[in-house]
>>> print(open('start.txt').read())   # compact mmCIF, C-alpha atoms
# COMPACT_ATOMS: atom_id res chain seq x y z
CA MET V 33 0.00 0.00 0.00
CA ASP V 34 1.20 3.52 -0.79
CA GLU V 35 2.63 4.97 2.42
CA ASN V 36 0.66 8.16 1.79
CA ASN V 37 -2.58 6.19 2.10
CA ARG V 38 -1.76 3.87 5.01
CA SER V 39 -3.51 4.55 8.32
CA VAL V 40 -1.15 4.78 11.28
CA THR V 41 -1.32 5.19 15.03
CA LEU V 42 0.71 8.19 16.08
CA THR V 43 2.58 8.71 19.32
CA SER V 44 2.33 12.03 21.13
CA GLU V 45 5.82 12.82 19.78
CA ASP V 46 4.62 12.14 16.21
CA GLU V 47 1.72 14.53 16.68
CA ARG V 48 4.04 17.12 18.23
CA LEU V 49 6.30 16.98 15.18
CA LEU V 50 3.41 17.27 12.73
CA VAL V 51 2.04 20.32 14.53
CA LYS V 52 5.46 21.92 15.01
CA TYR V 53 6.23 21.85 11.30
CA ALA V 54 2.74 22.47 9.93
CA ASP V 55 1.74 25.92 8.72
CA VAL V 56 -2.02 25.58 8.50
CA ILE V 57 -4.95 23.18 8.80
CA ILE V 58 -7.34 22.71 5.91
CA ALA V 59 -10.49 21.25 7.44
CA GLU V 60 -13.79 20.05 6.09
CA GLU V 61 -16.65 21.85 7.80
CA GLY V 62 -17.76 19.92 10.88
CA ALA V 63 -14.60 17.81 11.07
CA GLU V 64 -13.01 17.33 14.48
CA VAL V 65 -9.51 18.79 14.59
CA PRO V 66 -7.01 16.85 16.74
CA ALA V 67 -6.56 18.59 20.10
CA ALA V 68 -2.79 18.90 19.62
CA ALA V 69 -3.33 20.80 16.35
CA GLU V 70 -5.91 23.32 17.56
CA VAL V 71 -3.20 25.98 17.95
CA LEU V 72 -2.72 26.14 14.17
CA ALA V 73 -4.51 28.50 11.81
CA GLN V 74 -7.46 26.83 10.07
CA ILE V 75 -9.13 27.15 6.70
CA ILE V 76 -12.66 25.71 6.83
CA CYS V 77 -14.04 24.25 3.59
CA THR V 78 -17.76 23.64 3.12
CA THR V 79 -17.46 21.11 0.27
CA PRO V 80 -14.96 18.41 -0.76
CA PRO V 81 -14.09 20.26 -4.01
CA GLU V 82 -13.28 23.40 -2.01
CA LEU V 83 -11.05 21.34 0.27
CA VAL V 84 -9.17 19.88 -2.72
CA GLU V 85 -8.85 23.33 -4.30
CA ASN V 86 -7.23 24.71 -1.14
CA ILE V 87 -4.84 21.77 -0.93
CA TYR V 88 -3.78 22.36 -4.55
CA LYS V 89 -3.29 26.07 -3.89
CA LEU V 90 -1.34 25.86 -0.62
CA GLN V 91 0.53 22.53 -0.68
CA PRO V 92 3.46 23.67 -2.87
CA THR V 93 4.52 26.34 -0.36
CA LYS V 94 2.88 25.36 2.94
CA ARG V 95 3.07 22.27 5.10
CA LEU V 96 -0.51 21.17 5.72
CA ILE V 97 -2.61 19.04 7.99
CA VAL V 98 -5.85 18.11 6.22
CA VAL V 99 -8.81 17.19 8.43
CA THR V 100 -11.91 15.54 6.96
CA ARG V 101 -15.32 14.43 8.16
CA THR V 102 -16.80 12.60 5.20
CA THR V 103 -15.54 9.54 3.36
CA MET V 104 -15.65 11.40 0.05
CA ALA V 105 -13.39 14.20 1.25
CA ALA V 106 -10.96 11.74 2.81
CA ASP V 107 -10.82 9.65 -0.39
CA LEU V 108 -10.21 12.73 -2.53
CA ALA V 109 -7.40 13.86 -0.22
CA ARG V 110 -5.79 10.41 -0.31
CA VAL V 111 -5.90 10.32 -4.10
CA LEU V 112 -4.33 13.77 -4.22
CA SER V 113 -1.62 12.78 -1.77
CA GLY V 114 -0.57 9.95 -4.09
CA SER V 115 0.54 12.49 -6.71
CA ILE V 116 2.71 14.52 -4.31
CA THR V 117 6.46 13.89 -4.26
CA SER V 118 7.51 16.45 -1.63
CA ASN V 119 6.04 18.69 1.07
CA HIS V 120 3.60 15.90 1.93
CA PHE V 121 0.53 16.76 3.96
CA ALA V 122 -0.81 14.72 6.89
CA LEU V 123 -4.42 13.60 6.66
CA TYR V 124 -6.67 13.16 9.70
CA GLY V 125 -10.02 11.65 8.80
CA ASN V 126 -12.59 10.70 11.45
CA GLY V 127 -9.95 9.96 14.04
CA THR V 128 -7.56 8.11 11.73
CA TRP V 129 -4.16 9.44 10.68
CA TYR V 130 -2.61 8.97 7.24
CA ALA V 131 0.76 10.56 7.81
CA ASP V 132 3.64 8.19 7.03
CA ALA V 133 5.06 10.24 4.16
CA ALA V 134 4.65 13.54 6.00
CA LEU V 135 6.32 12.19 9.13
CA ALA V 136 9.22 10.68 7.21
CA GLU V 137 9.83 14.01 5.52
CA ILE V 138 9.53 15.98 8.76
CA ARG V 139 11.89 13.64 10.61
CA ARG V 140 14.44 14.18 7.88
CA ILE V 141 14.04 17.95 8.14
CA SER V 142 14.12 17.91 11.96
CA SER V 143 17.38 15.96 11.92
CA MET V 144 19.16 18.69 9.97
CA LEU V 145 21.40 20.70 12.28
CA THR V 146 23.66 23.67 11.77
CA ASP V 147 26.32 25.56 13.72
CA GLU V 148 26.70 29.33 13.99
CA GLU V 149 28.71 29.44 10.76
CA GLY V 150 26.05 27.62 8.79
CA ASN V 151 27.84 24.29 8.53
CA GLU V 152 25.25 21.52 8.30
CA LEU V 153 25.06 18.10 9.92
CA GLN V 154 22.50 15.36 9.35
CA LEU V 155 21.60 13.17 12.32
CA SER V 156 21.79 9.48 11.53
CA ASN V 157 21.01 7.35 14.60
CA GLN V 158 20.99 7.37 18.37
CA LEU V 159 23.88 5.44 19.94
CA ILE V 160 22.83 5.80 23.57
CA PRO V 161 20.27 8.16 25.12
CA GLY V 162 21.55 11.69 24.53
CA ILE V 163 24.26 10.79 21.99
CA TYR V 164 23.75 10.60 18.24
CA ALA V 165 25.90 9.91 15.21
CA SER V 166 25.83 12.17 12.19
CA GLU V 167 25.82 10.83 8.65
CA ASP V 168 29.53 11.63 8.35
CA GLY V 169 30.44 9.80 11.58
CA ARG V 170 30.72 12.67 14.05
CA LEU V 171 29.14 12.36 17.49
CA LEU V 172 26.60 14.85 18.80
CA ALA V 173 25.26 15.37 22.30
CA GLU V 174 21.68 16.51 22.79
CA LYS V 175 21.14 19.55 24.98
CA GLY V 176 22.01 18.98 28.62
CA TYR V 177 24.38 16.07 27.95
CA LEU V 178 28.17 16.19 28.34
CA ALA V 179 28.33 19.98 28.40
CA GLU V 180 31.61 19.68 30.33
CA LEU V 181 33.33 18.43 27.17
CA GLY V 182 32.79 21.67 25.32
CA GLY V 183 32.25 21.24 21.61
CA THR V 184 30.48 23.28 18.99
CA THR V 185 26.95 24.53 19.68
CA LEU V 186 24.35 23.14 17.29
CA TYR V 187 20.90 24.39 16.31
CA GLY V 188 17.93 22.95 14.48
CA LYS V 189 18.20 24.17 10.90
CA GLN V 190 14.50 24.86 10.41
CA PHE V 191 13.84 27.03 13.47
CA HIS V 192 17.39 27.71 14.72
CA ASP V 193 16.39 26.37 18.13
CA ALA V 194 19.17 25.18 20.45
CA TRP V 195 19.77 21.45 19.96
CA GLY V 196 23.05 20.51 21.68
CA THR V 197 26.71 20.21 20.75
CA LEU V 198 29.02 18.61 18.24
CA LEU V 199 31.50 16.74 20.43
CA PRO V 200 35.25 17.33 20.11
CA LYS V 201 36.94 15.56 17.20
CA ARG V 202 38.42 12.81 19.37
CA PHE V 203 34.91 11.39 19.74
CA THR V 204 33.80 9.91 16.41
CA MET V 205 32.29 6.69 15.14
CA SER V 206 35.73 5.68 13.91
CA THR V 207 37.16 5.87 17.44
CA LEU V 208 34.39 3.84 19.10
CA ALA V 209 35.59 0.51 20.44
CA GLY V 210 32.95 -1.39 18.44
CA ASP V 211 31.54 -4.87 18.93
CA ASN V 212 34.90 -6.69 18.92
CA ILE V 213 36.26 -4.77 21.87
CA SER V 214 39.39 -6.36 23.34
CA PHE V 215 39.60 -7.36 26.97
CA THR V 216 42.45 -4.90 27.48
CA THR V 217 40.20 -2.08 26.26
CA ARG V 218 37.41 -3.38 28.48
CA THR V 219 39.67 -3.16 31.52
CA LEU V 220 40.86 0.33 30.55
CA ALA V 221 37.22 1.37 30.21
CA ALA V 222 36.52 0.04 33.70
CA ALA V 223 39.51 2.08 34.93
CA ASN V 224 38.17 5.16 33.18
CA LEU V 225 34.73 4.73 34.71
CA LEU V 226 36.32 4.38 38.13
CA ALA V 227 38.33 7.56 37.53
CA GLN V 228 35.14 9.42 36.61
CA MET V 229 33.42 8.13 39.76
CA LYS V 230 36.33 9.34 41.89
CA LYS V 231 35.87 12.85 40.52
CA ARG V 232 32.27 12.92 41.71
CA ASP V 233 31.29 13.69 45.29
CA ASP V 234 27.76 12.26 45.13
CA GLY V 235 28.44 8.50 45.27
CA MET V 236 26.72 7.93 41.94
CA ILE V 237 27.71 5.20 39.51
CA PRO V 238 27.34 5.07 35.70
CA VAL V 239 24.36 3.46 34.03
CA PRO V 240 25.95 0.86 31.70
CA GLU V 241 23.22 1.20 29.08
CA HIS V 242 24.06 4.92 28.86
CA THR V 243 27.80 4.41 28.36
CA LEU V 244 29.93 4.53 25.21
CA VAL V 245 33.44 3.04 25.12
CA PHE V 246 36.18 4.27 22.82
CA GLU V 247 39.27 2.49 21.51
CA LYS V 248 41.63 3.55 24.28
CA GLY V 249 39.10 2.93 27.03
CA ARG V 250 37.75 6.47 27.32
CA CYS V 251 34.06 6.36 28.26
CA LEU V 252 31.21 8.78 27.76
CA VAL V 253 28.37 8.46 30.27
CA THR V 254 25.05 10.23 29.81
CA GLU V 255 23.27 8.98 32.93
CA TRP V 256 24.38 8.29 36.49
CA THR V 257 22.40 6.67 39.27
CA GLN V 258 22.42 6.46 43.05
CA PRO V 259 21.97 2.75 43.87
CA GLU V 260 20.61 1.56 47.19
CA ASP V 261 23.56 -0.84 47.41
CA ARG V 262 26.63 0.79 45.89
CA ASP V 263 28.78 -2.35 46.14
CA ALA V 264 26.16 -4.39 44.27
CA GLY V 265 25.81 -1.62 41.71
CA LEU V 266 29.56 -1.52 41.12
CA ARG V 267 29.66 -5.29 40.79
CA ARG V 268 27.09 -5.10 37.98
CA VAL V 269 28.76 -2.14 36.25
CA PHE V 270 32.18 -3.81 36.14
CA PHE V 271 30.88 -7.24 35.12
CA LEU V 272 28.95 -5.71 32.24
CA GLN V 273 31.93 -3.62 31.23
CA LEU V 274 34.44 -6.44 31.46
CA PHE V 275 32.38 -9.28 29.99
CA GLY V 276 29.59 -7.63 27.99
CA ALA V 277 26.80 -9.51 29.75
CA GLU V 278 24.72 -9.48 32.90
CA GLU V 279 26.06 -11.63 35.74
CA ARG V 280 23.90 -14.72 36.00
CA GLY V 281 24.01 -17.78 38.23
CA ASP V 282 27.02 -19.20 36.39
CA ALA V 283 29.26 -16.16 36.00
CA LEU V 284 32.10 -18.30 34.65
CA ALA V 285 30.05 -19.12 31.54
CA SER V 286 30.09 -15.43 30.57
CA MET V 287 33.69 -14.87 31.64
CA LEU V 288 35.46 -17.76 29.91
CA PRO V 289 34.78 -16.83 26.25
CA VAL V 290 36.09 -13.30 26.85
CA LEU V 291 39.10 -14.38 28.90
CA ALA V 292 39.99 -17.05 26.35
CA GLU V 293 40.50 -14.33 23.72
CA ALA V 294 42.39 -11.98 26.05
CA ASP V 295 46.10 -11.17 25.86
CA GLU V 296 48.48 -10.49 28.71
CA ILE V 297 46.12 -10.51 31.67
CA PRO V 298 48.07 -10.09 34.91
CA ASP V 299 47.63 -13.09 37.20
CA SER V 300 46.72 -10.87 40.13
CA PHE V 301 43.79 -9.39 38.19
CA LEU V 302 42.52 -12.83 37.21
CA ALA V 303 42.70 -13.83 40.86
CA ASP V 304 40.68 -10.75 41.82
CA LEU V 305 37.99 -11.56 39.24
CA GLU V 306 37.82 -15.15 40.44
CA ARG V 307 37.50 -14.04 44.05
CA ILE V 308 34.71 -11.53 43.29
CA TYR V 309 32.64 -13.22 40.62
CA ILE V 310 33.22 -16.93 41.16
CA ASN V 311 33.80 -17.10 44.91
CA ASN V 312 31.27 -14.28 45.47
CA ALA V 313 33.54 -12.21 47.72
CA PRO V 314 32.33 -8.69 48.59
CA CYS V 315 34.18 -5.82 46.95
CA SER V 316 33.84 -2.21 47.99
CA PHE V 317 34.61 0.92 46.00
CA ARG V 318 37.95 1.22 47.82
CA LYS V 319 38.86 -2.38 46.99
CA TRP V 320 37.92 -1.87 43.33
CA SER V 321 40.12 1.21 43.33
CA ASN V 322 43.05 -0.82 44.65
CA ILE V 323 42.44 -3.59 42.10
CA ILE V 324 42.33 -1.16 39.17
CA ASP V 325 45.37 0.81 40.39
CA ARG V 326 47.38 -2.41 40.60
CA LEU V 327 46.17 -3.49 37.16
CA LEU V 328 47.30 -0.21 35.60
CA LEU V 329 50.73 -0.55 37.25
CA ASP V 330 51.00 -4.06 35.80
CA TYR V 331 50.00 -2.73 32.38
CA GLU V 332 52.71 -0.08 32.63
CA GLU V 333 55.33 -2.72 33.40
CA LEU V 334 54.12 -4.78 30.43
CA GLY V 335 54.31 -1.69 28.19
CA ILE V 336 50.59 -1.84 27.42
CA VAL V 337 49.76 1.63 28.73
CA LYS V 338 51.49 4.71 29.99
CA GLY V 339 50.70 6.50 33.24
CA GLY V 340 47.34 8.25 33.41
CA ALA V 341 45.66 5.86 30.97
CA SER V 342 42.49 5.80 33.05
CA GLU V 343 41.88 9.54 32.78
>>> encode(input="start.txt", output="structure tokens")
Amino acid sequence: MDENNRSVTLTSEDERLLVKYADVIIAEEGAEVPAAAEVLAQIICTTPPELVENIYKLQPTKRLIVVTRTTMAADLARVLSGSITSNHFALYGNGTWYADAALAEIRRISSMLTDEEGNELQLSNQLIPGIYASEDGRLLAEKGYLAELGGTTLYGKQFHDAWGTLLPKRFTMSTLAGDNISFTTRTLAAANLLAQMKKRDDGMIPVPEHTLVFEKGRCLVTEWTQPEDRDAGLRRVFFLQLFGAEERGDALASMLPVLAEADEIPDSFLADLERIYINNAPCSFRKWSNIIDRLLLDYEELGIVKGGASE
């Protein structure tokens, strides 16, 4: 079925986008306008031909929401929409939305960003909540996220509304650790997370699902949480970071495949992991700090990292 003529159920965010980008409503007399769209200017048409005439006249230069009451008017609007290749209108007929093409177009427009100098970026996909990739592989932080990193201020191209920042050049898709992250990088990421926790004075820990890891172990975190049991929270954070899975009843089953592929793991660190995750020994923040500090010293002696690698 033509996407212009397919009925869809819209989320509140979908409706918000349609209304934000629409210029005017063309409505059949007596039709019920969606509550979210009542703020828009309206042109009321008494007959289906008048409604079609107004669509023809305004559609090339205005973004429309068409609202119908009768089946005839809705059918005429759907036929007309099939001939449109750009600036698609959304149709709302008797409580049913036909808006796939309009939404796809609006999402594309809303993902166009610009900086103060007019340089444009196109959002591609969300990596974690608050962090997006652009089509050319740069990373962008939505407003309120990672402001401490600086970066270039970005605005929505259509309305020049504040959007967020383009992160510094060291953070790109090409520098992400990726799916085949090595165990050494995993451990350096754990060290980096610990270093970030030490800089905080609120006892919060990172939310793993809101964490990005880069090739040298540098992590970006967009959400922190205050767990009821900090030791248990740390245990989960580090197991997920080190082994890429939740700790289950048989922790060794998740650990072995990763450890089997690892290079140059200091024996003392393996012993610590065995004690914590296999023998179920408690491990406090201070103990984790000692474990990671010793690991980094061992890595220095092995020539794997230089001092300050966890920062």
>>> residues_around(input="start.txt", residues="Thr184 (chain V)", least_positions_apart="4", cutoff="12 Å", atoms="all atoms listed in the file", output="PDB file with C-alpha atoms, in the coordinates of the input")
ATOM      1  CA  LEU V 145      21.400  20.700  12.280  1.00  0.00           C
ATOM      2  CA  THR V 146      23.660  23.670  11.770  1.00  0.00           C
ATOM      3  CA  ASP V 147      26.320  25.560  13.720  1.00  0.00           C
ATOM      4  CA  GLU V 148      26.700  29.330  13.990  1.00  0.00           C
ATOM      5  CA  GLU V 149      28.710  29.440  10.760  1.00  0.00           C
ATOM      6  CA  GLY V 150      26.050  27.620   8.790  1.00  0.00           C
ATOM      7  CA  ASN V 151      27.840  24.290   8.530  1.00  0.00           C
ATOM      8  CA  LEU V 153      25.060  18.100   9.920  1.00  0.00           C
ATOM      9  CA  ARG V 170      30.720  12.670  14.050  1.00  0.00           C
ATOM     10  CA  LEU V 171      29.140  12.360  17.490  1.00  0.00           C
ATOM     11  CA  LEU V 172      26.600  14.850  18.800  1.00  0.00           C
ATOM     12  CA  ALA V 173      25.260  15.370  22.300  1.00  0.00           C
ATOM     13  CA  GLU V 174      21.680  16.510  22.790  1.00  0.00           C
ATOM     14  CA  LYS V 175      21.140  19.550  24.980  1.00  0.00           C
ATOM     15  CA  LEU V 178      28.170  16.190  28.340  1.00  0.00           C
ATOM     16  CA  ALA V 179      28.330  19.980  28.400  1.00  0.00           C
ATOM     17  CA  GLU V 180      31.610  19.680  30.330  1.00  0.00           C
ATOM     18  CA  ALA V 194      19.170  25.180  20.450  1.00  0.00           C
ATOM     19  CA  TRP V 195      19.770  21.450  19.960  1.00  0.00           C
ATOM     20  CA  GLY V 196      23.050  20.510  21.680  1.00  0.00           C
ATOM     21  CA  THR V 197      26.710  20.210  20.750  1.00  0.00           C
ATOM     22  CA  LEU V 198      29.020  18.610  18.240  1.00  0.00           C
ATOM     23  CA  LEU V 199      31.500  16.740  20.430  1.00  0.00           C
ATOM     24  CA  PRO V 200      35.250  17.330  20.110  1.00  0.00           C
ATOM     25  CA  LYS V 201      36.940  15.560  17.200  1.00  0.00           C
TER      26      LYS V 201
END
>>> axis_aligned_box(input="start.txt", around="region 161-167 of chain V", padding_each_side="6 Å", output="JSON")
{"center_x": 23.1, "center_y": 10.2, "center_z": 16.9, "size_x": 17.6, "size_y": 16.0, "size_z": 28.5}
>>> residues_around(input="start.txt", residues="Ala294 (chain V)", least_positions_apart="5", cutoff="10 Å", atoms="only C-alpha atoms", output="list in words")
Ser214, Phe215, Thr216, Leu288 and Pro289 of chain V
>>> residues_near_point(input="start.txt", point="(18.2, 4.7, 28.1)", cutoff="9 Å", atoms="only C-alpha atoms", output="short mmCIF file (atom, residue, chain, number, x, y, z; two decimals) with C-alpha atoms, keeping the file's coordinate frame")
data_model
loop_
_atom_site.label_atom_id
_atom_site.label_comp_id
_atom_site.auth_asym_id
_atom_site.auth_seq_id
_atom_site.Cartn_x
_atom_site.Cartn_y
_atom_site.Cartn_z
CA ILE V 160 22.83 5.80 23.57
CA PRO V 161 20.27 8.16 25.12
CA GLY V 162 21.55 11.69 24.53
CA VAL V 239 24.36 3.46 34.03
CA GLU V 241 23.22 1.20 29.08
CA HIS V 242 24.06 4.92 28.86
CA THR V 254 25.05 10.23 29.81
CA GLU V 255 23.27 8.98 32.93
#
>>> atom_distance(input="start.txt", atom1="CA of Leu112 (chain V)", atom2="CA of Glu85 (chain V)")
10.6 Å
>>> residues_around(input="start.txt", residues="Ile138 (chain V)", least_positions_apart="4", cutoff="9 Å", atoms="only C-alpha atoms", output="list in words")
Leu49, Leu50, Tyr53, Asn119, Ala133, Ala134, Ser142 and Ser143 of chain V
>>> decode(input="start.txt", residues="region 120-183 of chain V", atoms="C-alpha atoms", output="PDB file, in the first residue's frame")
ATOM      1  CA  HIS V 120       3.602  15.904   1.934  1.00  0.00           C
ATOM      2  CA  PHE V 121       0.530  16.756   3.961  1.00  0.00           C
ATOM      3  CA  ALA V 122      -0.807  14.724   6.888  1.00  0.00           C
ATOM      4  CA  LEU V 123      -4.422  13.599   6.660  1.00  0.00           C
ATOM      5  CA  TYR V 124      -6.668  13.158   9.698  1.00  0.00           C
ATOM      6  CA  GLY V 125     -10.020  11.647   8.804  1.00  0.00           C
ATOM      7  CA  ASN V 126     -12.585  10.696  11.449  1.00  0.00           C
ATOM      8  CA  GLY V 127      -9.947   9.957  14.043  1.00  0.00           C
ATOM      9  CA  THR V 128      -7.559   8.107  11.726  1.00  0.00           C
ATOM     10  CA  TRP V 129      -4.158   9.444  10.677  1.00  0.00           C
ATOM     11  CA  TYR V 130      -2.613   8.970   7.235  1.00  0.00           C
ATOM     12  CA  ALA V 131       0.760  10.556   7.808  1.00  0.00           C
ATOM     13  CA  ASP V 132       3.641   8.190   7.029  1.00  0.00           C
ATOM     14  CA  ALA V 133       5.058  10.238   4.157  1.00  0.00           C
ATOM     15  CA  ALA V 134       4.649  13.543   6.001  1.00  0.00           C
ATOM     16  CA  LEU V 135       6.321  12.188   9.133  1.00  0.00           C
ATOM     17  CA  ALA V 136       9.224  10.677   7.209  1.00  0.00           C
ATOM     18  CA  GLU V 137       9.831  14.009   5.524  1.00  0.00           C
ATOM     19  CA  ILE V 138       9.526  15.976   8.762  1.00  0.00           C
ATOM     20  CA  ARG V 139      11.890  13.644  10.609  1.00  0.00           C
ATOM     21  CA  ARG V 140      14.442  14.184   7.883  1.00  0.00           C
ATOM     22  CA  ILE V 141      14.043  17.951   8.138  1.00  0.00           C
ATOM     23  CA  SER V 142      14.117  17.911  11.959  1.00  0.00           C
ATOM     24  CA  SER V 143      17.380  15.959  11.923  1.00  0.00           C
ATOM     25  CA  MET V 144      19.157  18.694   9.975  1.00  0.00           C
ATOM     26  CA  LEU V 145      21.405  20.702  12.283  1.00  0.00           C
ATOM     27  CA  THR V 146      23.657  23.671  11.774  1.00  0.00           C
ATOM     28  CA  ASP V 147      26.325  25.557  13.715  1.00  0.00           C
ATOM     29  CA  GLU V 148      26.700  29.332  13.992  1.00  0.00           C
ATOM     30  CA  GLU V 149      28.708  29.440  10.765  1.00  0.00           C
ATOM     31  CA  GLY V 150      26.046  27.618   8.794  1.00  0.00           C
ATOM     32  CA  ASN V 151      27.838  24.292   8.527  1.00  0.00           C
ATOM     33  CA  GLU V 152      25.246  21.524   8.297  1.00  0.00           C
ATOM     34  CA  LEU V 153      25.061  18.098   9.920  1.00  0.00           C
ATOM     35  CA  GLN V 154      22.496  15.364   9.352  1.00  0.00           C
ATOM     36  CA  LEU V 155      21.602  13.167  12.317  1.00  0.00           C
ATOM     37  CA  SER V 156      21.787   9.479  11.534  1.00  0.00           C
ATOM     38  CA  ASN V 157      21.006   7.348  14.599  1.00  0.00           C
ATOM     39  CA  GLN V 158      20.986   7.374  18.369  1.00  0.00           C
ATOM     40  CA  LEU V 159      23.877   5.437  19.942  1.00  0.00           C
ATOM     41  CA  ILE V 160      22.827   5.800  23.569  1.00  0.00           C
ATOM     42  CA  PRO V 161      20.272   8.158  25.122  1.00  0.00           C
ATOM     43  CA  GLY V 162      21.554  11.687  24.530  1.00  0.00           C
ATOM     44  CA  ILE V 163      24.263  10.789  21.994  1.00  0.00           C
ATOM     45  CA  TYR V 164      23.748  10.602  18.239  1.00  0.00           C
ATOM     46  CA  ALA V 165      25.902   9.913  15.210  1.00  0.00           C
ATOM     47  CA  SER V 166      25.835  12.167  12.190  1.00  0.00           C
ATOM     48  CA  GLU V 167      25.816  10.828   8.650  1.00  0.00           C
ATOM     49  CA  ASP V 168      29.532  11.628   8.354  1.00  0.00           C
ATOM     50  CA  GLY V 169      30.444   9.795  11.575  1.00  0.00           C
ATOM     51  CA  ARG V 170      30.720  12.666  14.046  1.00  0.00           C
ATOM     52  CA  LEU V 171      29.140  12.363  17.490  1.00  0.00           C
ATOM     53  CA  LEU V 172      26.602  14.845  18.799  1.00  0.00           C
ATOM     54  CA  ALA V 173      25.258  15.374  22.300  1.00  0.00           C
ATOM     55  CA  GLU V 174      21.684  16.509  22.787  1.00  0.00           C
ATOM     56  CA  LYS V 175      21.137  19.552  24.985  1.00  0.00           C
ATOM     57  CA  GLY V 176      22.010  18.985  28.620  1.00  0.00           C
ATOM     58  CA  TYR V 177      24.377  16.072  27.952  1.00  0.00           C
ATOM     59  CA  LEU V 178      28.174  16.192  28.344  1.00  0.00           C
ATOM     60  CA  ALA V 179      28.332  19.979  28.398  1.00  0.00           C
ATOM     61  CA  GLU V 180      31.605  19.677  30.329  1.00  0.00           C
ATOM     62  CA  LEU V 181      33.334  18.431  27.171  1.00  0.00           C
ATOM     63  CA  GLY V 182      32.786  21.667  25.321  1.00  0.00           C
ATOM     64  CA  GLY V 183      32.253  21.236  21.614  1.00  0.00           C
TER      65      GLY V 183
END
